[in-house]
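*Asks:* I'm passing along final-v7.txt; it holds compact mmCIF, C-alpha atoms.
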```
# COMPACT_ATOMS: atom_id res chain seq x y z
CA MET A 14 22.03 -82.32 46.41
CA LEU A 15 21.99 -79.21 44.24
CA LYS A 16 23.70 -76.35 46.01
CA SER A 17 22.86 -72.98 44.51
CA ALA A 18 20.11 -70.87 46.05
CA ASP A 19 17.69 -70.89 43.14
CA HIS A 20 17.62 -73.34 40.26
CA ASP A 21 14.10 -72.62 39.09
CA HIS A 22 15.28 -70.59 36.10
CA GLN A 23 17.12 -73.64 34.74
CA GLY A 24 13.99 -75.57 33.77
CA PRO A 25 12.94 -79.01 34.99
CA LEU A 26 15.39 -81.44 36.52
CA THR A 27 17.15 -83.87 34.23
CA ASP A 28 17.68 -87.61 34.57
CA ALA A 29 21.36 -86.99 35.26
CA GLU A 30 20.56 -84.58 38.10
CA VAL A 31 17.97 -86.97 39.52
CA ARG A 32 20.52 -89.78 39.58
CA ARG A 33 22.78 -87.52 41.67
CA ILE A 34 19.89 -86.58 43.94
CA ARG A 35 19.24 -90.27 44.57
CA ASN A 36 22.61 -90.51 46.31
CA ASP A 37 21.09 -88.46 49.15
CA PHE A 38 18.44 -91.14 49.75
CA PRO A 39 20.17 -94.30 51.02
CA ILE A 40 16.93 -96.29 51.26
CA LEU A 41 16.64 -96.25 47.47
CA ASP A 42 19.89 -98.17 47.07
CA GLN A 43 18.57 -101.63 47.86
CA ASP A 44 16.99 -104.67 46.25
CA VAL A 45 13.45 -105.80 46.98
CA ASN A 46 12.52 -109.35 46.08
CA GLY A 47 15.80 -109.63 44.23
CA LYS A 48 15.12 -106.55 42.07
CA PRO A 49 16.32 -102.95 42.37
CA LEU A 50 13.79 -100.98 44.40
CA VAL A 51 11.57 -98.68 42.36
CA TYR A 52 9.74 -96.51 44.88
CA LEU A 53 6.54 -95.12 43.38
CA ASP A 54 4.56 -94.48 46.55
CA SER A 55 5.60 -90.96 47.53
CA GLY A 56 1.97 -89.87 47.42
CA ALA A 57 1.57 -91.92 50.60
CA THR A 58 4.91 -91.06 52.20
CA SER A 59 8.16 -89.74 50.81
CA GLN A 60 11.66 -90.99 51.45
CA LYS A 61 14.09 -88.87 53.48
CA PRO A 62 17.48 -87.44 52.45
CA VAL A 63 20.50 -87.79 54.70
CA SER A 64 20.43 -84.09 55.61
CA VAL A 65 16.94 -84.45 57.08
CA MET A 66 17.86 -87.49 59.15
CA GLU A 67 21.01 -85.72 60.33
CA ALA A 68 19.02 -82.64 61.41
CA GLU A 69 16.87 -84.72 63.72
CA GLN A 70 19.83 -86.63 65.08
CA GLU A 71 21.80 -83.42 65.63
CA PHE A 72 18.98 -81.99 67.72
CA TYR A 73 19.01 -84.96 70.05
CA GLU A 74 22.79 -85.06 70.24
CA GLN A 75 23.33 -81.34 70.85
CA ARG A 76 20.17 -79.45 71.88
CA ASN A 77 17.56 -81.79 73.31
CA SER A 78 15.41 -79.96 75.85
CA ALA A 79 11.84 -78.73 76.34
CA VAL A 80 10.96 -75.53 74.50
CA HIS A 81 9.39 -72.35 75.93
CA ARG A 82 9.78 -73.76 79.44
CA GLY A 83 13.27 -73.16 80.76
CA ALA A 84 15.93 -70.47 81.12
CA HIS A 85 18.93 -72.79 80.93
CA THR A 86 21.17 -72.86 77.88
CA LEU A 87 19.88 -76.08 76.34
CA ALA A 88 16.26 -74.96 76.69
CA VAL A 89 17.06 -71.68 74.94
CA ALA A 90 18.92 -73.51 72.17
CA ALA A 91 16.04 -75.95 71.69
CA THR A 92 13.52 -73.12 71.56
CA ASP A 93 15.63 -71.31 68.97
CA VAL A 94 15.73 -74.43 66.78
CA PHE A 95 11.99 -74.93 67.16
CA GLU A 96 11.04 -71.35 66.30
CA ASP A 97 13.65 -71.03 63.55
CA ALA A 98 12.08 -74.11 61.97
CA ARG A 99 8.68 -72.45 62.15
CA GLY A 100 10.03 -69.42 60.35
CA THR A 101 11.66 -71.54 57.63
CA VAL A 102 8.48 -73.52 56.94
CA ALA A 103 6.24 -70.44 57.13
CA ARG A 104 8.34 -68.57 54.58
CA PHE A 105 8.26 -71.63 52.31
CA ILE A 106 4.49 -71.24 51.91
CA GLY A 107 4.47 -67.44 51.97
CA ALA A 108 3.14 -67.09 55.52
CA ALA A 109 4.20 -65.16 58.60
CA GLU A 110 5.66 -67.08 61.55
CA ASN A 111 2.62 -66.50 63.75
CA GLU A 112 0.42 -67.95 61.00
CA LEU A 113 1.95 -71.44 61.20
CA VAL A 114 0.74 -73.89 63.85
CA TRP A 115 2.55 -77.18 64.38
CA THR A 116 0.45 -80.35 64.33
CA SER A 117 1.30 -84.05 64.18
CA ASN A 118 0.06 -84.31 60.57
CA ALA A 119 -2.51 -82.85 58.18
CA THR A 120 -5.32 -85.01 59.57
CA ALA A 121 -4.69 -83.51 63.00
CA GLY A 122 -4.68 -80.06 61.42
CA LEU A 123 -8.04 -80.56 59.76
CA ASN A 124 -9.49 -81.87 63.00
CA LEU A 125 -8.03 -78.88 64.81
CA LEU A 126 -9.97 -76.57 62.49
CA ALA A 127 -13.20 -78.57 62.53
CA TYR A 128 -13.24 -78.92 66.33
CA SER A 129 -12.26 -75.30 66.88
CA PHE A 130 -15.14 -74.22 64.65
CA GLY A 131 -17.35 -76.59 66.61
CA ASN A 132 -16.22 -75.00 69.88
CA ALA A 133 -17.28 -71.65 68.42
CA SER A 134 -20.72 -73.08 67.68
CA VAL A 135 -21.87 -73.88 71.21
CA GLY A 136 -21.94 -72.22 74.60
CA ASP A 137 -20.80 -68.77 75.63
CA VAL A 138 -17.96 -67.88 73.28
CA PRO A 139 -16.13 -64.56 72.79
CA ALA A 140 -17.68 -62.27 70.19
CA GLU A 141 -14.70 -62.59 67.83
CA ALA A 142 -15.06 -66.39 67.80
CA ARG A 143 -18.67 -66.38 66.65
CA GLN A 144 -17.62 -65.93 63.02
CA PHE A 145 -16.49 -69.58 63.02
CA GLY A 146 -19.67 -71.06 64.46
CA VAL A 147 -22.11 -73.07 62.38
CA GLY A 148 -25.55 -74.47 63.13
CA PRO A 149 -28.93 -75.35 61.63
CA GLY A 150 -29.45 -73.50 58.37
CA ASP A 151 -25.71 -73.26 57.68
CA GLU A 152 -23.83 -75.35 55.11
CA VAL A 153 -20.32 -76.78 54.91
CA LEU A 154 -19.17 -77.42 51.36
CA VAL A 155 -16.57 -80.00 50.28
CA THR A 156 -15.91 -81.89 47.05
CA GLU A 157 -16.52 -85.46 45.95
CA MET A 158 -12.78 -86.01 45.49
CA GLU A 159 -11.73 -85.37 49.08
CA HIS A 160 -9.41 -87.57 51.09
CA HIS A 161 -11.28 -88.92 54.10
CA ALA A 162 -9.22 -86.62 56.33
CA ASN A 163 -10.89 -83.62 54.66
CA LEU A 164 -14.35 -85.15 54.69
CA ILE A 165 -15.04 -86.97 57.95
CA PRO A 166 -14.11 -84.04 60.28
CA TRP A 167 -16.65 -81.88 58.44
CA GLN A 168 -19.26 -84.64 58.54
CA GLU A 169 -18.76 -84.78 62.29
CA LEU A 170 -18.92 -81.00 62.64
CA CYS A 171 -22.26 -81.00 60.84
CA ARG A 172 -23.51 -83.89 62.97
CA ARG A 173 -22.63 -82.04 66.17
CA THR A 174 -24.03 -78.66 65.13
CA GLY A 175 -26.95 -79.35 62.83
CA ALA A 176 -25.29 -77.76 59.81
CA VAL A 177 -25.67 -79.47 56.42
CA LEU A 178 -22.79 -80.95 54.42
CA ARG A 179 -22.90 -80.47 50.66
CA PHE A 180 -20.37 -81.42 47.99
CA ILE A 181 -19.27 -80.34 44.53
CA PRO A 182 -19.62 -83.38 42.24
CA VAL A 183 -16.89 -84.84 40.07
CA LEU A 184 -17.22 -85.31 36.31
CA GLU A 185 -16.33 -88.49 34.41
CA ASP A 186 -12.79 -87.25 33.78
CA GLY A 187 -12.20 -86.74 37.49
CA THR A 188 -12.37 -82.93 37.41
CA LEU A 189 -14.78 -80.85 39.43
CA ASP A 190 -18.13 -79.86 37.97
CA MET A 191 -17.54 -76.13 38.07
CA GLU A 192 -21.03 -75.33 36.79
CA ALA A 193 -22.50 -77.22 39.73
CA ALA A 194 -20.00 -75.53 42.04
CA ALA A 195 -21.24 -72.08 41.08
CA ALA A 196 -24.77 -73.00 42.14
CA LEU A 197 -23.65 -74.59 45.43
CA PHE A 198 -22.05 -71.45 46.84
CA THR A 199 -24.86 -69.59 48.57
CA ALA A 200 -25.41 -67.27 51.51
CA ARG A 201 -25.77 -70.43 53.65
CA THR A 202 -22.21 -71.59 52.86
CA ARG A 203 -20.03 -70.96 55.91
CA ILE A 204 -17.01 -73.19 55.25
CA PHE A 205 -15.53 -74.52 52.01
CA ALA A 206 -12.90 -77.26 52.42
CA PHE A 207 -11.24 -78.78 49.38
CA THR A 208 -8.08 -80.39 48.11
CA HIS A 209 -5.54 -78.60 45.95
CA VAL A 210 -4.47 -81.82 44.21
CA SER A 211 -6.40 -85.09 44.13
CA ASN A 212 -4.39 -87.94 45.59
CA VAL A 213 -6.21 -90.34 43.22
CA THR A 214 -6.49 -88.61 39.85
CA GLY A 215 -3.70 -86.06 40.08
CA VAL A 216 -6.19 -83.31 39.17
CA ILE A 217 -4.93 -79.84 40.10
CA ASN A 218 -7.93 -77.82 41.17
CA PRO A 219 -8.36 -74.11 40.27
CA VAL A 220 -7.74 -72.82 43.78
CA VAL A 221 -7.93 -69.10 43.03
CA GLU A 222 -11.24 -69.42 41.18
CA LEU A 223 -12.81 -71.65 43.82
CA THR A 224 -11.57 -69.42 46.64
CA ARG A 225 -13.03 -66.36 44.95
CA MET A 226 -16.40 -68.11 44.66
CA ALA A 227 -16.30 -68.95 48.37
CA HIS A 228 -15.25 -65.48 49.46
CA ASP A 229 -18.00 -63.95 47.34
CA VAL A 230 -20.46 -65.54 49.77
CA ASP A 231 -18.26 -64.81 52.83
CA ALA A 232 -17.33 -68.46 53.39
CA LEU A 233 -14.08 -69.49 55.06
CA VAL A 234 -11.72 -71.48 52.81
CA VAL A 235 -9.76 -74.49 54.07
CA LEU A 236 -7.23 -75.95 51.62
CA ASP A 237 -5.88 -79.50 51.87
CA ALA A 238 -2.39 -78.90 50.51
CA CYS A 239 -0.88 -82.31 51.28
CA GLN A 240 -0.28 -83.14 47.62
CA SER A 241 0.68 -79.62 46.56
CA VAL A 242 3.13 -78.22 49.12
CA PRO A 243 5.69 -81.00 48.44
CA HIS A 244 5.37 -80.87 44.67
CA LEU A 245 4.04 -77.57 43.32
CA GLY A 246 5.21 -75.12 45.89
CA LEU A 247 2.60 -72.93 47.56
CA ASP A 248 2.01 -69.24 48.20
CA VAL A 249 -0.95 -69.05 50.54
CA LYS A 250 -1.25 -65.29 50.14
CA ALA A 251 -1.41 -65.48 46.36
CA LEU A 252 -4.01 -68.25 46.58
CA ASP A 253 -5.94 -66.12 49.12
CA VAL A 254 -7.04 -69.14 51.18
CA ASP A 255 -7.93 -68.63 54.84
CA PHE A 256 -6.44 -71.90 56.08
CA ALA A 257 -4.21 -74.64 54.65
CA VAL A 258 -2.89 -77.91 56.03
CA PHE A 259 -0.02 -80.19 55.04
CA SER A 260 2.12 -83.04 56.39
CA GLY A 261 5.89 -83.27 56.70
CA HIS A 262 6.16 -86.95 55.84
CA LYS A 263 5.00 -86.31 52.28
CA MET A 264 7.73 -83.68 51.72
CA LEU A 265 10.95 -85.47 52.74
CA ALA A 266 10.47 -84.92 56.49
CA PRO A 267 9.76 -87.43 59.28
CA THR A 268 6.36 -88.62 60.40
CA GLY A 269 4.80 -86.89 63.38
CA ILE A 270 5.00 -83.32 62.09
CA GLY A 271 2.59 -81.24 60.04
CA ALA A 272 1.23 -77.72 60.02
CA VAL A 273 -1.84 -75.54 59.78
CA TYR A 274 -1.60 -72.16 58.08
CA GLY A 275 -4.21 -69.62 59.07
CA ARG A 276 -4.55 -65.89 58.62
CA ALA A 277 -3.21 -64.30 61.78
CA GLY A 278 -6.40 -62.45 62.63
CA LEU A 279 -8.45 -65.60 62.21
CA LEU A 280 -6.19 -67.86 64.27
CA ASP A 281 -6.10 -65.38 67.12
CA ALA A 282 -9.92 -65.27 67.20
CA MET A 283 -10.48 -69.04 67.04
CA PRO A 284 -11.24 -71.00 70.20
CA PRO A 285 -8.49 -73.47 71.10
CA PHE A 286 -8.93 -77.15 70.33
CA LEU A 287 -6.50 -78.93 72.67
CA THR A 288 -5.88 -77.32 76.03
CA GLY A 289 -3.23 -77.71 78.70
CA GLY A 290 0.27 -76.42 79.29
CA SER A 291 2.19 -73.96 77.10
CA MET A 292 -0.87 -72.37 75.48
CA ILE A 293 -2.08 -70.22 78.38
CA THR A 294 -1.50 -66.77 79.82
CA THR A 295 -2.97 -67.22 83.31
CA VAL A 296 -4.80 -70.09 84.98
CA THR A 297 -7.03 -69.95 88.05
CA MET A 298 -9.24 -72.61 89.55
CA ASP A 299 -12.14 -70.98 87.73
CA GLY A 300 -10.76 -70.57 84.22
CA ALA A 301 -7.86 -69.74 81.93
CA GLY A 302 -6.68 -67.18 79.43
CA TYR A 303 -5.07 -68.26 76.17
CA LEU A 304 -2.03 -67.08 74.26
CA PRO A 305 -2.33 -65.79 70.70
CA SER A 306 -1.47 -68.03 67.76
CA PRO A 307 0.53 -70.16 67.23
CA GLN A 308 1.04 -71.17 70.87
CA ARG A 309 -2.74 -70.99 71.33
CA PHE A 310 -2.99 -74.29 69.45
CA GLU A 311 0.18 -76.00 70.68
CA ALA A 312 -0.72 -77.49 74.03
CA GLY A 313 1.77 -79.86 75.58
CA THR A 314 5.20 -81.03 74.46
CA GLN A 315 5.69 -80.52 70.76
CA ALA A 316 7.48 -82.51 68.03
CA ILE A 317 10.65 -80.46 68.32
CA SER A 318 13.17 -82.66 66.53
CA GLN A 319 10.66 -83.35 63.77
CA ALA A 320 10.14 -79.62 63.27
CA ALA A 321 13.89 -79.18 62.87
CA ALA A 322 13.92 -82.01 60.33
CA LEU A 323 10.98 -80.49 58.43
CA ALA A 324 12.93 -77.24 58.15
CA ALA A 325 15.87 -79.25 56.76
CA ALA A 326 13.50 -80.83 54.23
CA VAL A 327 12.28 -77.39 53.17
CA ASN A 328 15.88 -76.26 52.71
CA TYR A 329 16.56 -79.31 50.55
CA LEU A 330 13.52 -78.64 48.37
CA GLN A 331 14.37 -74.96 48.00
CA GLU A 332 17.97 -75.68 47.11
CA THR A 333 16.79 -78.08 44.43
CA GLY A 334 14.17 -75.60 43.18
CA MET A 335 10.42 -76.12 43.48
CA GLU A 336 9.68 -75.11 39.91
CA ARG A 337 12.30 -77.58 38.69
CA ILE A 338 10.81 -80.33 40.85
CA HIS A 339 7.30 -79.56 39.61
CA GLY A 340 8.43 -79.53 35.99
CA TRP A 341 10.15 -82.89 36.41
CA GLU A 342 7.21 -84.51 38.15
CA ALA A 343 4.75 -83.11 35.61
CA ALA A 344 6.78 -84.78 32.86
CA LEU A 345 6.88 -88.05 34.81
CA GLY A 346 3.12 -87.86 35.33
CA GLN A 347 2.53 -87.44 31.62
CA ARG A 348 4.90 -90.34 30.91
CA LEU A 349 2.95 -92.50 33.35
CA VAL A 350 -0.44 -91.67 31.85
CA ALA A 351 0.63 -91.96 28.21
CA GLY A 352 2.31 -95.28 28.91
CA LEU A 353 -0.65 -96.70 30.82
CA GLU A 354 -3.08 -95.57 28.14
CA GLY A 355 -1.06 -97.59 25.64
CA ILE A 356 -1.52 -100.86 27.55
CA ALA A 357 -4.55 -102.96 26.57
CA GLY A 358 -7.11 -103.38 29.34
CA VAL A 359 -5.78 -100.53 31.49
CA ARG A 360 -7.99 -97.59 32.44
CA VAL A 361 -6.37 -94.47 33.89
CA LEU A 362 -8.43 -92.53 36.42
CA GLY A 363 -8.63 -88.81 35.84
CA PRO A 364 -7.59 -86.66 32.89
CA ALA A 365 -6.06 -88.15 29.76
CA ALA A 366 -2.47 -87.65 28.69
CA GLY A 367 -1.76 -84.05 27.71
CA VAL A 368 -3.89 -82.52 30.46
CA ALA A 369 -1.99 -80.96 33.37
CA ARG A 370 -1.77 -83.21 36.41
CA ALA A 371 0.47 -83.99 39.34
CA GLY A 372 3.17 -86.65 38.98
CA LEU A 373 0.92 -89.57 39.82
CA ALA A 374 -1.51 -91.90 38.11
CA ALA A 375 -4.10 -94.31 39.49
CA PHE A 376 -5.44 -97.01 37.23
CA GLU A 377 -7.59 -100.10 36.88
CA VAL A 378 -6.47 -103.29 35.15
CA ASP A 379 -9.48 -105.03 33.61
CA GLY A 380 -10.04 -108.46 35.12
CA VAL A 381 -7.35 -108.15 37.81
CA HIS A 382 -7.96 -106.81 41.33
CA ALA A 383 -5.85 -103.84 42.38
CA HIS A 384 -4.29 -105.81 45.24
CA ASP A 385 -3.14 -108.50 42.82
CA VAL A 386 -1.68 -105.81 40.57
CA GLY A 387 0.19 -104.39 43.54
CA GLN A 388 1.59 -107.78 44.54
CA PHE A 389 2.69 -108.46 40.97
CA LEU A 390 4.52 -105.13 40.91
CA ASP A 391 6.03 -105.74 44.34
CA ALA A 392 7.45 -109.04 43.14
CA ALA A 393 9.34 -106.98 40.56
CA GLY A 394 10.65 -104.61 43.25
CA ILE A 395 8.17 -101.84 42.43
CA ALA A 396 6.38 -100.17 45.36
CA VAL A 397 2.95 -98.67 44.61
CA ARG A 398 -0.23 -97.98 46.57
CA VAL A 399 -3.35 -100.14 46.21
CA GLY A 400 -6.85 -99.71 47.63
CA HIS A 401 -9.18 -96.74 47.77
CA HIS A 402 -6.42 -94.33 48.86
CA CYS A 403 -8.67 -92.93 51.62
CA ALA A 404 -11.04 -91.64 48.94
CA GLN A 405 -13.94 -94.07 48.83
CA PRO A 406 -16.55 -91.58 47.54
CA LEU A 407 -14.34 -90.66 44.58
CA HIS A 408 -13.70 -94.30 43.72
CA ARG A 409 -17.42 -94.99 43.97
CA ARG A 410 -18.12 -92.07 41.63
CA LEU A 411 -15.64 -93.52 39.12
CA GLY A 412 -17.21 -96.97 39.36
CA LEU A 413 -14.50 -98.71 41.38
CA SER A 414 -13.84 -99.99 44.86
CA ALA A 415 -10.05 -99.88 44.51
CA SER A 416 -7.25 -98.85 42.17
CA THR A 417 -3.49 -99.06 41.85
CA ARG A 418 -1.55 -95.79 42.15
CA ALA A 419 1.98 -94.91 41.11
CA SER A 420 3.25 -91.59 42.47
CA THR A 421 6.59 -89.94 41.77
CA TYR A 422 8.89 -87.45 43.44
CA LEU A 423 12.14 -85.65 42.73
CA TYR A 424 14.19 -88.86 43.11
CA ASN A 425 12.38 -90.90 40.44
CA THR A 426 13.88 -91.40 36.97
CA THR A 427 12.31 -91.96 33.58
CA ASP A 428 13.92 -95.41 33.58
CA GLU A 429 11.93 -96.27 36.71
CA VAL A 430 8.69 -95.14 35.09
CA ASP A 431 9.48 -97.22 32.02
CA ALA A 432 10.30 -100.26 34.18
CA PHE A 433 6.97 -99.83 35.95
CA LEU A 434 5.10 -99.62 32.65
CA ALA A 435 6.80 -102.76 31.35
CA VAL A 436 5.70 -104.72 34.40
CA VAL A 437 2.12 -103.39 34.22
CA ALA A 438 1.99 -104.57 30.60
CA GLY A 439 2.64 -108.09 31.87
CA VAL A 440 -0.13 -108.15 34.48
CA ARG A 441 -3.03 -109.38 32.35
CA PRO A 442 -1.00 -112.03 30.49
CA TYR A 443 0.29 -113.35 33.83
CA PHE A 444 -3.22 -113.67 35.26
CA GLY A 445 -4.55 -115.17 32.02
CA VAL A 446 -6.85 -112.27 31.19
CA THR A 447 -7.41 -111.81 27.49
CA GLY A 448 -9.28 -109.35 25.29
CA ALA A 449 -9.01 -105.61 24.69
```
Could you render the structure as structure tokens?
*Replies:*
Amino acid sequence: MLKSADHDHQGPLTDAEVRRIRNDFPILDQDVNGKPLVYLDSGATSQKPVSVMEAEQEFYEQRNSAVHRGAHTLAVAATDVFEDARGTVARFIGAAENELVWTSNATAGLNLLAYSFGNASVGDVPAEARQFGVGPGDEVLVTEMEHHANLIPWQELCRRTGAVLRFIPVLEDGTLDMEAAAALFTARTRIFAFTHVSNVTGVINPVVELTRMAHDVDALVVLDACQSVPHLGLDVKALDVDFAVFSGHKMLAPTGIGAVYGRAGLLDAMPPFLTGGSMITTVTMDGAGYLPSPQRFEAGTQAISQAAALAAAVNYLQETGMERIHGWEAALGQRLVAGLEGIAGVRVLGPAAGVARAGLAAFEVDGVHAHDVGQFLDAAGIAVRVGHHCAQPLHRRLGLSASTRASTYLYNTTDEVDAFLAVVAGVRPYFGVTGA
């Protein structure tokens, strides 16, 4: 692992540095089906460096105890680890500690927001919570490229409250129709939820512009940052979003940990979603009072060791340099797209080579089902994602039911991308598909 505090000024990573980085990821040093593993599925879940695994193990070996619940030494040590991790992760995205709420993953975070807004929409709620309520005549706006986790919770919110769900359409190249977007933001728009980076096309959406359009009509902005926090780096204050969600398992950390960012004033005014222990001030047989954020949204026993490991993952990413990681992955993404475009019968989803994108590419092989493509690649030791990638509406818009996706991270080399491309070139000949 690179050791200095800031490498971003050095430019993108190099193949030589990436080969050294790979030594920190023992899972990559194995054969699959008799071939060296080429892991190109980090868009689904990333691999973990030794330092992250050690952080979780160290917690259980040295500090395991419940947090915020005891005065004994181990409980204090566990609480310190837990809250120090919150501070590390919050600073990583430019937030204050009380603006970061732990969740089990991004899906849980999006549901937290949608159900909290729903709780503000019915019954007798405090005056400060009414700003989150929606009902008949109100609109929730999303985009046609959303992951199901940032679509279905809002569908359900609208179903429960009578609000209407609208979406910004996607153009043929996979980018948002910004002209249509401008017309969709109206005085009825209460919530705008959208992804920073498409997990299918690699499109990087213009967050600042879209957020400004939403705020111009006083809508709350919820950003799905699952594919951006691990790869681009994120400054929530600079982007001016009201809320953002992301998952640890996509950024070198374990499963079972994620986070919601929210402006402090907003989080403190929101009704809680899950209720129980650790998130209350006083409880009587008639009611309860709730703590401010973040404890307000952290009922029950939390993922303490996973939070410590997520902080270790953040340290690893920062020591490597987020700008360097982004530069490297951007180059790998362009290499993927250019190579795929040069293979007869292959259609890349999203922007063509030369247009900025994340380090991933989804594609269709004419005459061969995506699942068969994935199995052919797996036989060569290459791990990719196949299916609709939890984005059925986007696939439907692009005329497909499924695609094959290769996604890179800081541990992938150009040789691995080239090996992937060579195998893809053999798919149609193997299945006996001919023609351009």
*Asks:* Could you pull out every residue with an atom within 12 Å of (2.2, -65.5, 65.4), file coordinates, counting all atoms listed in the file, and send them as a short mmCIF file (atom, residue, chain, number, x, y, z; two decimals) with C-alpha atoms, in the frame of the given file?
*Replies:*
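Written out: selection26.cif:
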```
data_model
loop_
_atom_site.label_atom_id
_atom_site.label_comp_id
_atom_site.auth_asym_id
_atom_site.auth_seq_id
_atom_site.Cartn_x
_atom_site.Cartn_y
_atom_site.Cartn_z
CA GLU A 96 11.04 -71.35 66.30
CA ARG A 99 8.68 -72.45 62.15
CA GLY A 100 10.03 -69.42 60.35
CA ALA A 103 6.24 -70.44 57.13
CA ALA A 108 3.14 -67.09 55.52
CA ALA A 109 4.20 -65.16 58.60
CA GLU A 110 5.66 -67.08 61.55
CA ASN A 111 2.62 -66.50 63.75
CA GLU A 112 0.42 -67.95 61.00
CA LEU A 113 1.95 -71.44 61.20
CA VAL A 114 0.74 -73.89 63.85
CA TRP A 115 2.55 -77.18 64.38
CA TYR A 274 -1.60 -72.16 58.08
CA GLY A 275 -4.21 -69.62 59.07
CA ARG A 276 -4.55 -65.89 58.62
CA ALA A 277 -3.21 -64.30 61.78
CA GLY A 278 -6.40 -62.45 62.63
CA LEU A 279 -8.45 -65.60 62.21
CA LEU A 280 -6.19 -67.86 64.27
CA ASP A 281 -6.10 -65.38 67.12
CA LEU A 304 -2.03 -67.08 74.26
CA PRO A 305 -2.33 -65.79 70.70
CA SER A 306 -1.47 -68.03 67.76
CA PRO A 307 0.53 -70.16 67.23
CA GLN A 308 1.04 -71.17 70.87
CA ARG A 309 -2.74 -70.99 71.33
CA PHE A 310 -2.99 -74.29 69.45
CA GLU A 311 0.18 -76.00 70.68
#
```
*Asks:* So, with all atoms listed in the file as the atoms that count, which of A:Pro166, A:Gly346, A:Pro182, A:Gly246 lies closest to Ala206 (chain A)?
*Replies:* A:Pro166
*Asks:* In Å, how far is it from CA of Val399 (chain A) to CA of Val386 (chain A)?
*Replies:*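 Pair CA of Val399 (chain A) / CA of Val386 (chain A) returns 8.2 Å.
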*Asks:* Return the single residue from A:Pro285, A:Glu342, A:Arg441, A:Thr188 that is closest to Ala365 (chain A), with distances computed using all atoms listed in the file.
*Replies:* A:Thr188
*Asks:* Point out the residue among A:Asn163, A:Gln144, A:Ser55, A:Ser416 with the least atom-to-atom distance to Arg360 (chain A), counting all atoms listed in the file.
*Replies:*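 Checking each candidate against Arg360 (chain A), we get A:Ser416 as the closest.
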*Asks:* Kindly extract all protein, DNA and RNA residues lying within 7 Å of the coordinates (-12.7, -74.5, 75.2) given in the file, considering all atoms listed in the file, and supply them as a VMD selection string.
*Replies:* chain A and resid 132 284 to 286
*Asks:* Determine the nearest neighbour of Arg76 (chain A) from the options A:Met335, A:Val183, A:Ile317, A:Leu434, counting only C-alpha atoms.
*Replies:*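 Residue with the minimum atom-to-atom distance to Arg76 (chain A): A:Ile317.
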